[in-house]
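Enquirer: Pasting a structure below so you can have a look.
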Amino acid sequence: QANASAGRRVSMGLDGTLEAALDAAAPAMRGLRFVLLTFGNAAFSELLRNFCAHARRAGAAHVVGAVDVGAFELLRESGSPCYKTPLALATGYSLDGANSHSSGSWKAFAAMRTGEVARVVATGLDVLHIDTDVVLLRDPAPFCMCTAAARAEFGDASRFPCSALRAADVAVSSDNMGPSRSVAGGAAYHGAGTFNSGLLLFRATAAGRRFAAQWHRNVASPERGSRFWGKTSDQQASCDLLRLHRSRCEETRLHAEVRRAGLQCYGA
């Protein structure tokens, strides 16, 4: 009953703007400048409901960018922090979610999504861009922000120290879903394998904001003839951008630390 009342209070304040959605998510941040950001349309209503239900249960601050009005109304009714993205405000837009990720509507979605990520990072929030099919069992904020509580569990002597991730301006998951194997292999796959933008962390640092802006620019309006020209998805653009930055990462103490944690270092 208390949760239902809280949901009703949240929904009353959601007017479709990003600002209202971030205000609604603020209490769950508990003083941390960190938010989960995902996007979806009404066709994926079950996934959106599932994502939000698990985020609430985990106590994770989250915002959903609604790609159409139907998704916004659905989420607002449930009290989930949400807003209308530019595509939800566009007349006649319909997302084609084919796996080819090559349609005009998908490219418009990718341009919007990257732009909205950059927009939220520019507000001063660290943003974990996350796909709606992710099921959260714990709030990732303490680990990502390496709070005192997280350091007690994930200290420098632990298998997965949070300090390495805290030092990163940008972090991305890979298609290797085995963290133990990553640690054992010194993050070898992460250095040469496929990145997965289903989990993409941006810090609100100067370098993090710059990377988010570059990501959006190289998806929405890539320079003709550049390595980004002709890419069909924002994931391809993020992979290429990360690899472009990798060449600038020197063998520093930080690099050694992140490799020990099963991560790879990419210079700013």
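In the structure tokens, chains take the letters A, B, ... in the order shown, each chain's residues start at 1, and ligands count up from 1 in the order shown.
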Which residues are near segment 123-132 of chain A? Cut-off 6 Å, only C-alpha atoms, ignore same chain within fewer than 3 positions. Put them as a tab-separated table (two decimals) with C-alpha atoms, in the first residue's frame.
Expert:
```tsv
chain	number	residue	atom	x	y	z
A	33	ARG	CA	24.77	11.70	-8.45
A	34	PHE	CA	24.04	8.47	-10.32
A	35	VAL	CA	21.07	7.26	-12.36
A	36	LEU	CA	20.15	4.35	-14.62
A	37	LEU	CA	18.80	5.45	-18.00
A	38	THR	CA	16.93	3.22	-20.41
A	51	PHE	CA	12.80	-3.50	-15.67
A	120	VAL	CA	21.61	13.69	-18.86
A	198	GLY	CA	23.67	-2.62	-23.19
A	199	LEU	CA	25.71	-1.46	-20.19
A	200	LEU	CA	27.57	1.76	-20.82
A	201	LEU	CA	28.71	4.00	-17.96
A	202	PHE	CA	29.44	7.71	-18.40
A	203	ARG	CA	30.88	9.88	-15.64
A	204	ALA	CA	29.93	13.54	-15.46
```
Enquirer: Among segment 2-178 of chain A, which residues carry a DSSP assignment of helix (DSSP H, G or I), reported as a ChimeraX atom specification?
Expert: /A:2-13,18-29,42-58,69-78,86-89,104-121,141-145,148-153,162-166
Enquirer: Got a sec: who's within 12 Å of Leu14 of chain A, counting only C-alpha atoms, leaving out chain neighbours fewer than 5 positions off, as a ChimeraX atom specification?
Expert: /A:7-9,19-25,63-64,72-84
Enquirer: Residues of the last selection are to be written out with C-alpha atoms, as a PDB file, in the first residue's frame.
Expert:
```
ATOM      1  CA  GLY A   7       3.853   5.553  -7.040  1.00  0.00           C
ATOM      2  CA  ARG A   8       0.778   7.773  -7.196  1.00  0.00           C
ATOM      3  CA  ARG A   9       2.750  10.713  -5.764  1.00  0.00           C
ATOM      4  CA  GLU A  19      13.536  17.509 -15.527  1.00  0.00           C
ATOM      5  CA  ALA A  20      10.403  16.121 -13.841  1.00  0.00           C
ATOM      6  CA  ALA A  21      11.606  12.541 -14.353  1.00  0.00           C
ATOM      7  CA  LEU A  22      14.992  13.290 -12.786  1.00  0.00           C
ATOM      8  CA  ASP A  23      13.256  14.996  -9.860  1.00  0.00           C
ATOM      9  CA  ALA A  24      11.112  11.876  -9.394  1.00  0.00           C
ATOM     10  CA  ALA A  25      14.227   9.670  -9.425  1.00  0.00           C
ATOM     11  CA  VAL A  63      14.616   6.992 -15.507  1.00  0.00           C
ATOM     12  CA  VAL A  64      12.941   5.634 -18.633  1.00  0.00           C
ATOM     13  CA  PHE A  72       4.973   7.226 -21.228  1.00  0.00           C
ATOM     14  CA  GLU A  73       1.370   6.815 -20.108  1.00  0.00           C
ATOM     15  CA  LEU A  74       1.975   3.201 -19.099  1.00  0.00           C
ATOM     16  CA  LEU A  75       5.004   4.084 -16.984  1.00  0.00           C
ATOM     17  CA  ARG A  76       3.510   7.226 -15.490  1.00  0.00           C
ATOM     18  CA  GLU A  77       0.480   5.244 -14.350  1.00  0.00           C
ATOM     19  CA  SER A  78       2.775   2.848 -12.502  1.00  0.00           C
ATOM     20  CA  GLY A  79       4.705   5.713 -10.902  1.00  0.00           C
ATOM     21  CA  SER A  80       7.974   4.966 -12.691  1.00  0.00           C
ATOM     22  CA  PRO A  81      10.172   8.020 -13.371  1.00  0.00           C
ATOM     23  CA  CYS A  82       9.788   8.597 -17.100  1.00  0.00           C
ATOM     24  CA  TYR A  83       9.628  11.313 -19.722  1.00  0.00           C
ATOM     25  CA  LYS A  84       8.773  11.823 -23.376  1.00  0.00           C
TER      26      LYS A  84
END
```
Enquirer: One decimal, in Å: what's the spacing between atom CA of Arg151 of chain A and atom CA of Ala58 of chain A?
Expert: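 Computing it gives 18.9 Å between the two atoms.
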Enquirer: Give me the residues within 10 Å of segment 65-71 of chain A as a ChimeraX atom specification, counting only C-alpha atoms and dropping any in the same chain fewer than 4 places off.
Expert: /A:16-18,21,37-45,48-49,75-77,81-95,109,112-113,116-117
Enquirer: Export C-alpha atoms of the chosen residues as a JSON list (two decimals), in the first residue's frame?
Expert:
```
[["chain", "number", "residue", "atom", "x", "y", "z"],
["A", 16, "GLY", "CA", 6.64, 14.44, -19.73],
["A", 17, "THR", "CA", 9.80, 16.50, -19.23],
["A", 18, "LEU", "CA", 13.23, 15.09, -18.43],
["A", 21, "ALA", "CA", 11.61, 12.54, -14.35],
["A", 37, "LEU", "CA", 18.80, 5.45, -18.00],
["A", 38, "THR", "CA", 16.93, 3.22, -20.41],
["A", 39, "PHE", "CA", 14.58, 3.66, -23.36],
["A", 40, "GLY", "CA", 11.60, 1.81, -24.77],
["A", 41, "ASN", "CA", 8.29, 2.01, -26.58],
["A", 42, "ALA", "CA", 4.86, 0.55, -25.85],
["A", 43, "ALA", "CA", 5.60, -2.54, -27.95],
["A", 44, "PHE", "CA", 8.02, -3.58, -25.19],
["A", 45, "SER", "CA", 5.65, -2.83, -22.34],
["A", 48, "LEU", "CA", 9.60, -1.99, -19.38],
["A", 49, "ARG", "CA", 7.36, -3.12, -16.52],
["A", 75, "LEU", "CA", 5.00, 4.08, -16.98],
["A", 76, "ARG", "CA", 3.51, 7.23, -15.49],
["A", 77, "GLU", "CA", 0.48, 5.24, -14.35],
["A", 81, "PRO", "CA", 10.17, 8.02, -13.37],
["A", 82, "CYS", "CA", 9.79, 8.60, -17.10],
["A", 83, "TYR", "CA", 9.63, 11.31, -19.72],
["A", 84, "LYS", "CA", 8.77, 11.82, -23.38],
["A", 85, "THR", "CA", 11.82, 11.68, -25.59],
["A", 86, "PRO", "CA", 11.96, 13.84, -28.74],
["A", 87, "LEU", "CA", 10.70, 10.84, -30.72],
["A", 88, "ALA", "CA", 7.62, 10.56, -28.50],
["A", 89, "LEU", "CA", 6.86, 14.16, -29.39],
["A", 90, "ALA", "CA", 7.45, 13.61, -33.10],
["A", 91, "THR", "CA", 4.41, 13.15, -35.33],
["A", 92, "GLY", "CA", 4.13, 9.78, -37.05],
["A", 93, "TYR", "CA", 7.32, 8.20, -35.69],
["A", 94, "SER", "CA", 7.29, 4.40, -35.30],
["A", 95, "LEU", "CA", 10.31, 2.37, -34.24],
["A", 109, "PHE", "CA", 16.23, 6.07, -32.42],
["A", 112, "MET", "CA", 17.94, 10.23, -30.12],
["A", 113, "ARG", "CA", 19.19, 7.76, -27.51],
["A", 116, "GLU", "CA", 19.58, 11.93, -24.49],
["A", 117, "VAL", "CA", 22.41, 10.11, -22.71]]
```
Enquirer: List the neighbours of Arg227 of chain A out to 10 Å using only C-alpha atoms; skip same-chain residues closer than 2 positions along the sequence, and give me the result as a list in words.
Expert: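 Using only C-alpha atoms, the neighbours found are Asn218, Pro222, Glu223, Arg224, Gly225, Trp229, Gly230, Lys231, Ala237, Asp240, Leu241 and Leu244 of chain A.
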Enquirer: For the selection you just gave me, I'd like the residues written to a file as a PDB file, in the first residue's frame, keeping N, CA and C atoms.
Expert:
```
ATOM      1  N   ASN A 218      28.892  11.169 -33.550  1.00  0.00           N
ATOM      2  CA  ASN A 218      29.312  10.167 -34.530  1.00  0.00           C
ATOM      3  C   ASN A 218      28.198   9.199 -34.917  1.00  0.00           C
ATOM      4  N   PRO A 222      27.767  11.612 -38.500  1.00  0.00           N
ATOM      5  CA  PRO A 222      29.171  11.231 -38.693  1.00  0.00           C
ATOM      6  C   PRO A 222      29.780  11.950 -39.895  1.00  0.00           C
ATOM      7  N   GLU A 223      31.048  12.243 -39.772  1.00  0.00           N
ATOM      8  CA  GLU A 223      31.751  12.899 -40.871  1.00  0.00           C
ATOM      9  C   GLU A 223      31.915  11.926 -42.031  1.00  0.00           C
ATOM     10  N   ARG A 224      31.570  12.375 -43.216  1.00  0.00           N
ATOM     11  CA  ARG A 224      31.688  11.520 -44.402  1.00  0.00           C
ATOM     12  C   ARG A 224      33.140  11.060 -44.579  1.00  0.00           C
ATOM     13  N   GLY A 225      33.315   9.770 -44.789  1.00  0.00           N
ATOM     14  CA  GLY A 225      34.646   9.221 -44.974  1.00  0.00           C
ATOM     15  C   GLY A 225      35.348   8.829 -43.694  1.00  0.00           C
ATOM     16  N   TRP A 229      31.354   6.727 -40.532  1.00  0.00           N
ATOM     17  CA  TRP A 229      30.429   6.877 -41.657  1.00  0.00           C
ATOM     18  C   TRP A 229      29.943   5.496 -42.104  1.00  0.00           C
ATOM     19  N   GLY A 230      28.642   5.333 -42.245  1.00  0.00           N
ATOM     20  CA  GLY A 230      28.084   4.064 -42.701  1.00  0.00           C
ATOM     21  C   GLY A 230      27.784   3.072 -41.596  1.00  0.00           C
ATOM     22  N   LYS A 231      28.111   3.410 -40.330  1.00  0.00           N
ATOM     23  CA  LYS A 231      27.751   2.518 -39.231  1.00  0.00           C
ATOM     24  C   LYS A 231      26.234   2.517 -39.078  1.00  0.00           C
ATOM     25  N   ALA A 237      29.219   2.439 -33.170  1.00  0.00           N
ATOM     26  CA  ALA A 237      29.918   3.711 -32.987  1.00  0.00           C
ATOM     27  C   ALA A 237      30.652   3.745 -31.652  1.00  0.00           C
ATOM     28  N   ASP A 240      33.851   1.570 -31.906  1.00  0.00           N
ATOM     29  CA  ASP A 240      34.920   2.218 -32.661  1.00  0.00           C
ATOM     30  C   ASP A 240      35.519   3.383 -31.884  1.00  0.00           C
ATOM     31  N   LEU A 241      34.670   4.128 -31.184  1.00  0.00           N
ATOM     32  CA  LEU A 241      35.158   5.273 -30.427  1.00  0.00           C
ATOM     33  C   LEU A 241      36.041   4.812 -29.266  1.00  0.00           C
ATOM     34  N   LEU A 244      39.351   3.769 -30.659  1.00  0.00           N
ATOM     35  CA  LEU A 244      40.116   4.943 -31.061  1.00  0.00           C
ATOM     36  C   LEU A 244      40.847   5.526 -29.861  1.00  0.00           C
TER      37      LEU A 244
END
```
Enquirer: When DSSP works through the backbone of this structure, what residues of segment 61-110 of chain A end up as strand (DSSP E or B), shown as a list in words?
Expert: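 The residues of segment 61-110 of chain A classed as strand (DSSP E or B) are His62, Val63, Val64, Gly65, Ala66, Cys82, Tyr83 and Lys84 of chain A.
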Enquirer: In Å, how far is it from atom CA of Phe211 of chain A to atom CA of Ala61 of chain A?
Expert: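 Separation between atom CA of Phe211 of chain A and atom CA of Ala61 of chain A: 22.8 Å.
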